[in-house]
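Below: one structure, written as structure tokens.
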Number of protein chains: 4
Amino acid sequence: MVQAGIVGFRGYSGAELFQILQAHPQVTPWKLEHRSDAAADPLPRGGNADRSTAATPEAAREAGLDVVFLATPHEVSMQVAPAMLAAGIRVVDLSGAYRLRTPEVHLRWYGDAHEDPELLASAVYGLPEFYRDRIRGARFVSNPGCYPTAASLALRPLVAAGLIDRSVPVLCDAKSGISGAGRKASLKTSFCEAGDNFSVYAAFAHRHVPEVLQNCELQETEFHFVAQLLPTHRGILENIYARLAPEVTAETIQKCYDEAYLEEPFVQVYDRGILPDLHTVQHTNRCAIGFQVAEATSTLLVVSAIDNLVKGAAGQAVQNMNLMFGFDETEGLR
Amino acid sequence: MVQAGIVGFRGYSGAELFQILQAHPQVTPWKLEHRSDAAADPLPRGGNADRSTAATPEAAREAGLDVVFLATPHEVSMQVAPAMLAAGIRVVDLSGAYRLRTPEVHLRWYGDAHEDPELLASAVYGLPEFYRDRIRGARFVSNPGCYPTAASLALRPLVAAGLIDRSVPVLCDAKSGISGAGRKASLKTSFCEAGDNFSVYAAFAHRHVPEVLQNCELQETEFHFVAQLLPTHRGILENIYARLAPEVTAETIQKCYDEAYLEEPFVQVYDRGILPDLHTVQHTNRCAIGFQVAEATSTLLVVSAIDNLVKGAAGQAVQNMNLMFGFDETEGLR
Amino acid sequence: MVQAGIVGFRGYSGAELFQILQAHPQVTPWKLEHRSDAAADPLPRGGNADRSTAATPEAAREAGLDVVFLATPHEVSMQVAPAMLAAGIRVVDLSGAYRLRTPEVHLRWYGDAHEDPELLASAVYGLPEFYRDRIRGARFVSNPGCYPTAASLALRPLVAAGLIDRSVPVLCDAKSGISGAGRKASLKTSFCEAGDNFSVYAAFAHRHVPEVLQNCELQETEFHFVAQLLPTHRGILENIYARLAPEVTAETIQKCYDEAYLEEPFVQVYDRGILPDLHTVQHTNRCAIGFQVAEATSTLLVVSAIDNLVKGAAGQAVQNMNLMFGFDETEGLR
Amino acid sequence: MVQAGIVGFRGYSGAELFQILQAHPQVTPWKLEHRSDAAADPLPRGGNADRSTAATPEAAREAGLDVVFLATPHEVSMQVAPAMLAAGIRVVDLSGAYRLRTPEVHLRWYGDAHEDPELLASAVYGLPEFYRDRIRGARFVSNPGCYPTAASLALRPLVAAGLIDRSVPVLCDAKSGISGAGRKASLKTSFCEAGDNFSVYAAFAHRHVPEVLQNCELQETEFHFVAQLLPTHRGILENIYARLAPEVTAETIQKCYDEAYLEEPFVQVYDRGILPDLHTVQHTNRCAIGFQVAEATSTLLVVSAIDNLVKGAAGQAVQNMNLMFGFDETEGLR
């Protein structure tokens with residue numbers, strides 16, 4: 001059995017991860033207590049049987065941990081990740097700390113100089129559908145952001161095949177359930193402010209943008225992103241608008257997606273005109289992709305949907321762990 | 001025009017009050033800034049035209065205010081109310097600071113010794129259906145709690161008429177929308193914790209209990225109250241269970257309610273077996289009352305519903321103001 | 001007092017209209033019973049005092065009605081509107097029956113040949129911000145659709161001023177609360193299917209499109225529209241993406257909107273970068289407009305929000321009635 | 001592998017059941033098509049790989065089914081259950097068709113004469129915590145109702161131990177998420193009517209009452225039940241109020257529950273004063289029980305929570321199947 005620790009197990013991604021790992025036949029999950037993780041935990045009687053220890057390398061080694069998941073703010077990940085790696089423990093980081101390829105890009109979007117450029121350079125970006133080979137056997141995986149997972153899975157095959165007219169910026173109108181904002185007291189995400197409401201935030205300025213650019217090999221002027229807060233607990237749905245390259249039709253798009261994802265266990269491509277909703281992906285590790293074309297203007301709409309806590313966080317982290325340890329990629333995720 | 005100030009206009013009750021007063025044909029509302037009121041206010045362009053000044057007696061006199069509403073925590077009300085009254089300005093306090101009749105009862109339920117027992121004794125409890133005559137012309141009105149408004153309107157006529165068997169405690173199973181918890185950052189009332197959820201709190205120990213006891217002349221052993229958090233923005237619905245006194249039937253209950261509330265503009269009594277839901281009272285100043293009887297055991301169920309922000313707070317405060325200033329009681333509330 | 005009848009008063013728009021008219025100081029509302037309106041009405045005791053009669057011209061004349069509102073399916077409106085007009089009663093139709101300018105366009109989007117092209121030609125399209133003069137004194141007003149109201153108010157000033165590069169299609173990513181689907185039993189709009197969900201429908205094919213084209217003088221290839229179902233009761237928020245014409249900056253956009261809407265009581269323009277959410281417009285007759293610009297690509301995002309039941313239906317209908325009868329345009333709507 | 005068919009797989013309970021069985025290591029699930037099951041099924045591409053056949057005994061035998069689950073209305077179950085049993089296939093019926101012990105009680109609460117009193121008499125009531133021995137090896141199990149599961153687990157140990165004063169009726173104030181009403185088009189359960197709302201139904205008259213009476217050996221005058229519709233997708237929370245028998249204290253209650261459920265994998269008893277909410281049981285097969293006592297009046301509040309689709313339907317059905325086939329009782333349910 002792989003012994004797997006979770007720092008940040010009280011957050012929504014961390015709790016989801018704990019649940020998935022509990023049901024994983026080859027993993028024993030541990031809760032790792034970190035001083036930064038002060039949010040009160042509802043611990044009804046009986047829930048105390050879970051294995052737990054401190055989120056330090058010493059405690060982790062004593063517990064015999066093989067891997068540690070960091071479901072923590074990126075500042076915390078920057079402290080814990082190198083320490084655990086130095087202690088010989090593999091790490092999957094769910095934060096944004098090690099997602100961007102260079103310190104320059106990190107500085108531009110996160111606003112702080114990266115503390116450890118060397119580790120940044122060595123991190124493997126954990127989007128298995130694109131980087132499966134590098135993830136296999138990796139010691140340090142940086143788990144993608146939720147928005148970029150949905151956007152990159154939808155866009156990259158089309159861009160790579162040259163099906164998009166890049167002279168018009170691709171627009172991504174993205175909506176996320178409120179758990180995406182994390183588990184914390186906040187007026188903005190309170191029931192009375194966010195419920196029965198819908199709002200736009202970070203228009204053209206979300207820090208998830210550079211991940212999409214990296215994955216799809218797009219320039220900043222070729223992709224715009226607008227994030228919106230949806231009154232649901234979980235789920236991301238993105239409408240991606242693009243102009244098709246000359247000669248490209250709906251059939252070309254369908255064929256491109258089919259070829260890209262036919263063998264993928266966690267990407268489901270719909271027939272043209274059938275568009276996914278959130279219910280089809282909530283509580284699953286799947287990304288569902290549908291599309292429609294307005295032929296008169298060669299305008300493409302792609303609808304890409306995931307569960308932000310599963311394929312957008314905890315599920316994808318387990319998918320990565322499965323690859324890192326040589327398990328079946330879908331173990332614990334069906 | 002009556003010049004009316006609101007302290008706490010950023011909270012849910014205060015904001016509702018400001019809206020009602022803006023549409024009131026005989027009132028000009030003012031926003032009174034208080035240092036304790038730090039919650040960020042979304043102030044889109046154009047919203048700045050509202051009249052405002054400081055929440056001090058000096059500023060209030062300078063602005064020519066006739067009345068000040070306190071939609072504030074009870075600690076703040078205890079400071080502002082006496083100061084405004086001393087400056088010759090009438091006060092309607094929406095907090096719990098002056099609702100209980102004696103310092104002893106206040107201490108027992110609020111846990112702090114009352115700072116101003118004299119003022120406490122002089123406050124008029126503002127439930128117009130029961131205390132209309134005292135409210136007329138009053139200078140200081142203490143607006144009832146939301147839960148006690150619904151419970152007292154349902155219970156008092158029955159208790160007063162001797163229709164309830166008091167040897168069995170009356171049980172009030174109460175549910176409130178989340179705005180009842182106030183406008184503040186809190187994990188417990190966040191969308192992800194309170195949405196799609198339902199929870200019990202303050203079982204047998206809610207500080208609104210003594211108001212019901214006062215209004216209905218019941219002993220503490222004759223009334224039990226259980227509060228619950230409902231995943232709605234606004235609205236209170238209470239199920240009140242009681243054993244009927246001997247010989248009392250559904251017809252007796254119907255007649256008692258009809259007589260008590262026939263002339264009341266804001267209490268709506270349904271025919272036996274028709275029970276109100278929240279939608280019928282949300283955004284209104286009405287209390288809707290329905291009931292059902294299990295005859296084999298003389299068990300009575302009364303369902304009492306209000307909007308916690310209107311009849312349970314801001315609307316009732318305006319109803320009180322209308323009485324205090326001699327306006328039609330329903331002005332601005334239809 | 002104007003005597004105003006409502007056909008379809010049990011639907012969401014009709015019920016909203018009845019409420020607004022009840023509080024309107026110069027109107028007495030009537031409920032007009034129509035055989036097509038079979039949805040069960042919850043009628044708790046006391047609600048029967050409302051004036052009502054049959055939805056026939058004879059009954060309407062006998063009741064002395066001055067105007068009839070049709071909150072009905074477009075097939076019903078096509079029958080009732082001409083009959084009421086022939087009886088000398090003015091009509092405001094909230095359906096889509098008379099919104100498009102020619103029978104050809106109607107046939108293309110509604111799929112049925114228009115029964116009364118003459119009446120269609122004589123109907124005044126009731127978007128007061130653009131057609132105020134024609135609405136004044138009109139006998140027959142066709143109230144705009146909810147989506148086109150938000151889109152047209154956002155787009156028309158920019159298109160008219162030549163600020164948009166029309167070589168790239170304008171994209172409107174629109175979200176509506178579920179009341180937009182009407183009050184009827186339907187699996188798709190049930191709580192368990194639509195709640196905690198988000199879905200796209202009528203991508204590139206919504207019948208509200210031609211209204212926007214008419215209002216903004218755009219060709220079909222210049223405007224794309226995608227509708228989405230939002231898990232809220234009410235509210236529409238539209239993200240409109242366009243490429244700015246050469247030399248146009250954020251300042252140009254701001255100035256254009258400010259000039260267009262400075263005097264408008266029901267259009268609120270925000271400063272650049274401040275974007276409206278649904279809460280700021282729900283239960284109001286306002287349209288709130290905010291925008292942001294991505295300068296590197298001259299990409300404009302306009303966010304336009306309304307309450308679909310108020311500015312998108314009942315409120316706008318009353319605004320039109322106010323103009324038709326020479327009342328203050330904001331009467332009953334503040 | 002056990003071959004298990006589901007009739008009614010498009011409903012909420014049936015779909016939940018299919019999901020659970022898909023992940024069950026010893027079961028292959030089949031979708032059985034029945035003519036009564038007309039609700040449209042969203043079948044996105046790829047979902048067609050599921051095994052399916054007709055809901056007839058012939059087709060079931062041909063498919064080699066070992067057991068059939070009926071997630072159907074009770075009228076349908078009354079037709080399909082005897083036919084499948086006659087074909088030698090075991091049956092778990094999730095409807096109310098075979099839950100009551102005698103035709104007389106069935107007639108009294110369901111309003112129709114039972115068609116097959118013999119089969120009714122032979123059905124094993126599938127509440128494993130009470131009737132485990134009879135379920136083991138049974139050929140025909142009648143799965144309990146959702147409300148009675150929560151109520152019976154909370155009440156039976158206390159009644160059996162004589163801890164309740166039966167001279168005062170036990171009151172059960174029950175709230176259910178909207179999926180409890182089934183998957184069908186209905187105005188009452190539409191998003192706009194049921195969302196942001198809360199309503200009481202079937203006060204003192206719900207057909208789930210006799211199941212609780214049977215399980216707890218109570219008379220009809222000893223137990224009252226009031227059902228309420230909660231604006232959540234799933235989950236039941238019941239507040240049960242009772243008067244304690246003389247000498248009984250909170251400690252007695254705690255001890256009674258602890259002894260009753262210490263070994264039960266799916267019943268979780270909390271310490272006094274800690275009360276469960278819906279989130280702790282949603283998506284699990286657990287029943288969580290908490291309680292509080294008002295000592296001055298010996299009034300007991302028990303809060304019992306389950307997921308109506310899991311422990312209240314599909315999960316419990318699988319728990320029963322596990323017992324019927326000799327599997328570990330928790331297989332597929334952790």
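Letters for chains follow the order of the structure tokens (A, B, ...), residue numbers begin at 1 for each chain, and ligand numbers begin at 1 in the order shown.
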Taking a cut-off of 6 Å and counting only C-alpha atoms, can you build a table that, for each residue of chain D near chain C, reports the nearest atom pair and how far apart they are in Å (one decimal), sorted by chain then residue number, as CSV?
residue,atom,partner,partner_atom,distance
D:Lys184,CA,C:Leu187,CA,5.7
D:Ala185,CA,C:Leu187,CA,4.2
D:Ser186,CA,C:Ala185,CA,4.3
D:Leu187,CA,C:Ala185,CA,4.2
D:Thr189,CA,C:Ser190,CA,5.8
D:Ser190,CA,C:Ser190,CA,3.8
D:Phe191,CA,C:Phe191,CA,3.9
D:Cys192,CA,C:His233,CA,5.7
D:His233,CA,C:Cys192,CA,5.6
- Residues flagged helix (DSSP H, G or I) by DSSP in stretch 88-296 of chain C, as number ranges by chain: C: 103-110, 117-122, 128-135, 146-160, 178-181, 191-194, 209-216, 220-222, 250-261, 278-280, 295-296
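Within the 9 Å cut-off around D:Ser36, using only C-alpha atoms and omitting residues fewer than 5 positions from it on the same chain, the listed residues are D:Gly8, D:Thr72, D:Val76.
Near D:Val281, within 9 Å and counting only C-alpha atoms, sit Gly235, Pro276, Asp277, Asn285, Arg286, Cys287, Ala288, Ala305, Ile306 and Asp307 of chain D; same-chain residues fewer than 4 positions away were not included.
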Grab the residues selected above and save them as a compact mmCIF listing (two decimals), in the first residue's frame with N, CA and C atoms.
# COMPACT_ATOMS: atom_id res chain seq x y z
N GLY D 235 -31.19 14.51 0.60
CA GLY D 235 -31.00 14.55 2.04
C GLY D 235 -32.31 14.64 2.79
N PRO D 276 -26.26 16.31 13.68
CA PRO D 276 -25.80 16.19 12.29
C PRO D 276 -26.49 17.19 11.37
N ASP D 277 -25.82 17.55 10.29
CA ASP D 277 -26.48 18.31 9.23
C ASP D 277 -26.54 17.43 7.98
N ASN D 285 -24.06 6.08 2.64
CA ASN D 285 -25.11 5.16 3.09
C ASN D 285 -25.34 5.24 4.60
N ARG D 286 -24.85 6.31 5.22
CA ARG D 286 -24.94 6.41 6.67
C ARG D 286 -26.22 7.07 7.15
N CYS D 287 -26.65 6.66 8.34
CA CYS D 287 -27.63 7.42 9.11
C CYS D 287 -26.88 8.02 10.29
N ALA D 288 -26.96 9.35 10.44
CA ALA D 288 -26.30 10.03 11.56
C ALA D 288 -27.36 10.46 12.56
N ALA D 305 -30.43 11.97 10.34
CA ALA D 305 -30.19 12.42 8.97
C ALA D 305 -29.69 11.29 8.09
N ILE D 306 -30.22 11.23 6.88
CA ILE D 306 -29.75 10.27 5.87
C ILE D 306 -29.75 10.96 4.50
N ASP D 307 -29.15 10.30 3.53
CA ASP D 307 -29.34 10.69 2.14
C ASP D 307 -30.51 9.88 1.61
- Here atom CA of C:Asp133 and atom CA of C:Asp328 stand apart by 13.9 Å
- Message: as a PyMOL selection string, please: the residues near stretch 144-155 of chain D (cut-off 6 Å, only C-alpha atoms, same-chain neighbours under 2 positions excluded).
- Response: chain D and resi 157-158+212+304+308+312
Let me see the file: selected residues, N, CA, C and O atoms, as a short mmCIF file (atom, residue, chain, number, x, y, z; two decimals), in the first residue's frame.
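Written output follows (again_15.cif):
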data_model
loop_
_atom_site.label_atom_id
_atom_site.label_comp_id
_atom_site.auth_asym_id
_atom_site.auth_seq_id
_atom_site.Cartn_x
_atom_site.Cartn_y
_atom_site.Cartn_z
N PRO D 157 -34.78 1.86 19.06
CA PRO D 157 -34.05 1.44 20.28
C PRO D 157 -34.61 2.09 21.54
O PRO D 157 -34.70 1.44 22.58
N LEU D 158 -35.03 3.35 21.44
CA LEU D 158 -35.55 4.04 22.61
C LEU D 158 -36.90 3.47 23.04
O LEU D 158 -37.15 3.27 24.23
N VAL D 212 -43.16 3.23 10.13
CA VAL D 212 -42.54 3.56 11.42
C VAL D 212 -43.28 2.85 12.54
O VAL D 212 -42.66 2.29 13.46
N SER D 304 -32.14 12.97 13.16
CA SER D 304 -31.71 11.81 12.39
C SER D 304 -31.60 12.22 10.93
O SER D 304 -32.53 12.78 10.35
N ASN D 308 -31.57 10.55 1.22
CA ASN D 308 -32.77 9.83 0.80
C ASN D 308 -32.52 8.91 -0.39
O ASN D 308 -33.19 7.89 -0.54
N GLY D 312 -31.66 5.95 2.15
CA GLY D 312 -33.11 5.96 2.00
C GLY D 312 -33.62 5.25 0.76
O GLY D 312 -34.83 5.16 0.57
#
- Query: Excluding same-chain residues fewer than 5 positions from C:Leu244, what lies within 9 Å of it counting only C-alpha atoms, as a PyMOL selection string?
  - Reply: chain C and resi 163-166+249+297-300
Based on the selection just made, write N, CA and C atoms of those residues as a PDB file, in the first residue's frame.
ATOM      1  N   LEU C 163     -18.268  52.432 -33.267  1.00  0.00           N
ATOM      2  CA  LEU C 163     -17.131  52.083 -32.417  1.00  0.00           C
ATOM      3  C   LEU C 163     -16.735  50.610 -32.518  1.00  0.00           C
ATOM      4  N   ILE C 164     -17.553  49.843 -33.202  1.00  0.00           N
ATOM      5  CA  ILE C 164     -17.312  48.398 -33.290  1.00  0.00           C
ATOM      6  C   ILE C 164     -16.774  48.048 -34.676  1.00  0.00           C
ATOM      7  N   ASP C 165     -15.774  47.180 -34.689  1.00  0.00           N
ATOM      8  CA  ASP C 165     -15.256  46.651 -35.952  1.00  0.00           C
ATOM      9  C   ASP C 165     -16.190  45.522 -36.403  1.00  0.00           C
ATOM     10  N   ARG C 166     -17.012  45.799 -37.394  1.00  0.00           N
ATOM     11  CA  ARG C 166     -18.045  44.839 -37.768  1.00  0.00           C
ATOM     12  C   ARG C 166     -17.528  43.691 -38.622  1.00  0.00           C
ATOM     13  N   THR C 249     -10.886  53.650 -27.897  1.00  0.00           N
ATOM     14  CA  THR C 249     -10.306  53.237 -26.622  1.00  0.00           C
ATOM     15  C   THR C 249     -11.411  53.092 -25.583  1.00  0.00           C
ATOM     16  N   THR C 297      -5.433  43.764 -27.841  1.00  0.00           N
ATOM     17  CA  THR C 297      -6.140  43.193 -28.988  1.00  0.00           C
ATOM     18  C   THR C 297      -7.394  43.971 -29.341  1.00  0.00           C
ATOM     19  N   SER C 298      -7.582  45.128 -28.712  1.00  0.00           N
ATOM     20  CA  SER C 298      -8.801  45.925 -28.942  1.00  0.00           C
ATOM     21  C   SER C 298     -10.064  45.104 -28.729  1.00  0.00           C
ATOM     22  N   THR C 299      -9.994  44.209 -27.761  1.00  0.00           N
ATOM     23  CA  THR C 299     -11.171  43.392 -27.475  1.00  0.00           C
ATOM     24  C   THR C 299     -11.989  44.045 -26.362  1.00  0.00           C
ATOM     25  N   LEU C 300     -13.274  44.196 -26.631  1.00  0.00           N
ATOM     26  CA  LEU C 300     -14.191  44.812 -25.672  1.00  0.00           C
ATOM     27  C   LEU C 300     -15.078  43.749 -25.056  1.00  0.00           C
TER      28      LEU C 300
END
- Message: Please list as a count of residues only every residue within 7 Å of C:Asp93, counting only C-alpha atoms and excluding residues in the same chain fewer than 5 positions away.
- Response: 7
